[in-house]
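One file, my_file.txt, carrying compact mmCIF, C-alpha atoms:
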```txt
# COMPACT_ATOMS: atom_id res chain seq x y z
CA MET C 1 -18.46 81.83 -39.21
CA ALA C 2 -19.62 84.89 -37.32
CA ALA C 3 -23.24 85.00 -36.20
CA SER C 4 -24.10 87.94 -38.46
CA SER C 5 -22.67 86.31 -41.57
CA ARG C 6 -24.39 83.02 -40.66
CA GLY C 7 -27.71 84.85 -40.43
CA GLN C 8 -27.00 86.65 -43.69
CA VAL C 9 -26.22 83.35 -45.42
CA LEU C 10 -29.37 81.69 -44.08
CA ASP C 11 -31.51 84.66 -45.14
CA LEU C 12 -29.98 84.51 -48.60
CA TYR C 13 -30.56 80.74 -48.78
CA ARG C 14 -34.21 81.12 -47.81
CA ALA C 15 -34.73 84.01 -50.25
CA MET C 16 -33.24 82.01 -53.11
CA LEU C 17 -35.43 78.97 -52.34
CA ARG C 18 -38.52 81.15 -51.92
CA GLU C 19 -37.91 82.96 -55.20
CA SER C 20 -37.18 79.72 -57.06
CA LYS C 21 -40.56 78.34 -56.08
CA HIS C 22 -42.16 81.02 -58.26
CA PHE C 23 -40.93 79.48 -61.52
CA ASN C 24 -43.94 78.45 -63.59
CA ASN C 25 -42.10 75.59 -65.27
CA TYR C 26 -41.75 72.48 -63.09
CA ASN C 27 -38.36 71.54 -64.53
CA TYR C 28 -36.84 74.99 -63.95
CA ARG C 29 -38.32 75.11 -60.46
CA THR C 30 -36.96 71.75 -59.34
CA TYR C 31 -33.59 72.33 -61.00
CA ALA C 32 -33.14 75.72 -59.32
CA ILE C 33 -34.09 74.37 -55.90
CA ARG C 34 -31.78 71.38 -56.28
CA ARG C 35 -28.85 73.54 -57.42
CA ILE C 36 -29.32 76.01 -54.57
CA ARG C 37 -29.40 73.24 -51.97
CA ASP C 38 -26.37 71.51 -53.51
CA ALA C 39 -24.32 74.71 -53.71
CA PHE C 40 -25.02 75.68 -50.10
CA ARG C 41 -24.27 72.15 -48.86
CA GLU C 42 -21.05 72.08 -50.85
CA ASN C 43 -19.85 75.29 -49.19
CA LYS C 44 -21.18 74.75 -45.67
CA ASN C 45 -17.73 74.00 -44.22
CA VAL C 46 -16.02 77.12 -45.58
CA LYS C 47 -14.38 79.00 -42.71
CA ASP C 48 -12.36 81.73 -44.45
CA PRO C 49 -14.23 85.07 -44.03
CA VAL C 50 -12.96 86.39 -47.37
CA GLU C 51 -14.15 83.30 -49.21
CA ILE C 52 -17.48 83.42 -47.39
CA GLN C 53 -17.98 87.02 -48.46
CA THR C 54 -17.10 86.10 -52.05
CA LEU C 55 -19.66 83.29 -51.99
CA VAL C 56 -22.29 85.59 -50.45
CA ASN C 57 -21.73 88.17 -53.18
CA LYS C 58 -22.05 85.45 -55.84
CA ALA C 59 -25.26 84.21 -54.22
CA LYS C 60 -26.69 87.76 -54.23
CA ARG C 61 -25.97 88.03 -57.96
CA ASP C 62 -27.55 84.61 -58.49
CA LEU C 63 -30.63 85.71 -56.55
CA GLU C 64 -31.06 88.66 -58.89
CA ILE C 65 -30.70 86.31 -61.87
CA ILE C 66 -33.36 84.02 -60.41
CA ARG C 67 -35.70 86.98 -59.91
CA ARG C 68 -35.25 88.08 -63.53
CA GLN C 69 -35.73 84.55 -64.84
CA VAL C 70 -38.87 84.06 -62.75
CA HIS C 71 -40.29 87.27 -64.17
CA ILE C 72 -39.48 86.15 -67.71
CA SER C 73 -40.94 82.69 -67.10
CA GLN C 74 -44.18 84.29 -65.94
CA LEU C 75 -44.41 86.23 -69.19
CA TYR C 76 -44.20 83.02 -71.23
CA SER C 77 -46.19 80.52 -69.20
CA THR C 78 -46.99 77.05 -70.51
CA ASP C 79 -49.43 74.30 -69.63
CA LYS C 80 -48.74 72.32 -66.50
CA LEU C 81 -47.05 68.94 -66.77
CA VAL C 82 -48.77 65.74 -65.72
CA ILE C 83 -46.49 65.43 -62.68
CA GLU C 84 -47.55 68.87 -61.45
CA ASN C 85 -51.21 67.86 -61.55
CA GLN C 86 -50.39 64.74 -59.49
CA GLU C 87 -48.54 66.79 -56.88
CA GLU C 88 -51.48 69.18 -56.46
CA SER C 89 -53.92 66.31 -55.84
CA ARG C 90 -51.70 64.96 -53.01
CA THR C 91 -51.69 68.21 -51.04
```
Kindly transcribe the structure held in the file into structure tokens.
Amino acid sequence: MAASSRGQVLDLYRAMLRESKHFNNYNYRTYAIRRIRDAFRENKNVKDPVEIQTLVNKAKRDLEIIRRQVHISQLYSTDKLVIENQEESRT
């Protein structure tokens, strides 16, 4: 993988994780983070530049979906779950 595409992929990975942490709902937040990590790990050994570009384009579309879903989730917020309250007391 070329250095520029590696940097682009890492930036995209970080942006997706960062944006996913804005979900209000604990279950959506943890699911999105887990799926992002799994998808990037699954494709970490891809060497074909065309396939890498296809995956990058898909990830960009997914990032936009995450951004829209985060915005929607903030419009319809709910009470925090018990597990979220426990996590806050640990930090």
### Among the residues C:Lys80, C:His22, C:Lys58, C:Arg67, the one that comes closest to Phe40 in chain C [using all atoms listed in the file]
C:Lys58
### Message
Which residues are near range 24-39 of chain C? Cut-off 8 Å, all atoms listed in the file, ignore same chain within fewer than 2 positions. Put them as a list in words.
### Response
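With the cut-off at 8 Å, the set is Tyr13, Met16, Leu17, Ser20, Lys21, His22, Arg41, Glu42, Asn43, Val70, Ser73, Gln74, Ser77, Thr78, Lys80, Leu81 and Glu84 of chain C.
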### Task
Work out how far CA of Ile66 in chain C is from CA of Arg18 in chain C, in Å to one decimal.
10.3 Å
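Picture a line from CA of Gly7 in chain C to CA of Gln69 in chain C; it runs 25.7 Å.
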Could you write range 19-34 of chain C as an mmCIF file, in the frame of the given file, with N, CA and C atoms rebuilt where they are missing?
```cif
data_model
loop_
_atom_site.group_PDB
_atom_site.id
_atom_site.type_symbol
_atom_site.label_atom_id
_atom_site.label_comp_id
_atom_site.auth_asym_id
_atom_site.auth_seq_id
_atom_site.Cartn_x
_atom_site.Cartn_y
_atom_site.Cartn_z
ATOM 1 N N GLU C 19 -37.768 82.372 -53.860
ATOM 2 C CA GLU C 19 -37.910 82.960 -55.200
ATOM 3 C C GLU C 19 -37.959 81.867 -56.270
ATOM 4 N N SER C 20 -37.202 80.805 -56.085
ATOM 5 C CA SER C 20 -37.180 79.720 -57.060
ATOM 6 C C SER C 20 -38.514 78.992 -57.149
ATOM 7 N N LYS C 21 -39.257 79.004 -56.070
ATOM 8 C CA LYS C 21 -40.560 78.340 -56.080
ATOM 9 C C LYS C 21 -41.589 79.073 -56.928
ATOM 10 N N HIS C 22 -41.248 80.257 -57.413
ATOM 11 C CA HIS C 22 -42.160 81.020 -58.260
ATOM 12 C C HIS C 22 -42.013 80.706 -59.748
ATOM 13 N N PHE C 23 -41.045 79.872 -60.115
ATOM 14 C CA PHE C 23 -40.930 79.480 -61.520
ATOM 15 C C PHE C 23 -42.203 78.763 -61.943
ATOM 16 N N ASN C 24 -42.744 79.121 -63.088
ATOM 17 C CA ASN C 24 -43.940 78.450 -63.590
ATOM 18 C C ASN C 24 -43.625 77.040 -64.074
ATOM 19 N N ASN C 25 -42.477 76.867 -64.693
ATOM 20 C CA ASN C 25 -42.100 75.590 -65.270
ATOM 21 C C ASN C 25 -41.555 74.660 -64.193
ATOM 22 N N TYR C 26 -42.139 73.471 -64.098
ATOM 23 C CA TYR C 26 -41.750 72.480 -63.090
ATOM 24 C C TYR C 26 -40.265 72.143 -63.170
ATOM 25 N N ASN C 27 -39.759 71.928 -64.372
ATOM 26 C CA ASN C 27 -38.360 71.540 -64.530
ATOM 27 C C ASN C 27 -37.408 72.639 -64.071
ATOM 28 N N TYR C 28 -37.678 73.873 -64.419
ATOM 29 C CA TYR C 28 -36.840 74.990 -63.950
ATOM 30 C C TYR C 28 -36.901 75.111 -62.432
ATOM 31 N N ARG C 29 -38.115 74.971 -61.907
ATOM 32 C CA ARG C 29 -38.320 75.110 -60.460
ATOM 33 C C ARG C 29 -37.528 74.059 -59.694
ATOM 34 N N THR C 30 -37.669 72.807 -60.069
ATOM 35 C CA THR C 30 -36.960 71.750 -59.340
ATOM 36 C C THR C 30 -35.459 71.821 -59.551
ATOM 37 N N TYR C 31 -35.030 72.195 -60.749
ATOM 38 C CA TYR C 31 -33.590 72.330 -61.000
ATOM 39 C C TYR C 31 -32.999 73.445 -60.144
ATOM 40 N N ALA C 32 -33.659 74.586 -60.092
ATOM 41 C CA ALA C 32 -33.140 75.720 -59.320
ATOM 42 C C ALA C 32 -33.066 75.367 -57.836
ATOM 43 N N ILE C 33 -34.090 74.742 -57.319
ATOM 44 C CA ILE C 33 -34.090 74.370 -55.900
ATOM 45 C C ILE C 33 -32.984 73.368 -55.607
ATOM 46 N N ARG C 34 -32.838 72.387 -56.475
ATOM 47 C CA ARG C 34 -31.780 71.380 -56.280
ATOM 48 C C ARG C 34 -30.403 72.008 -56.332
#
```
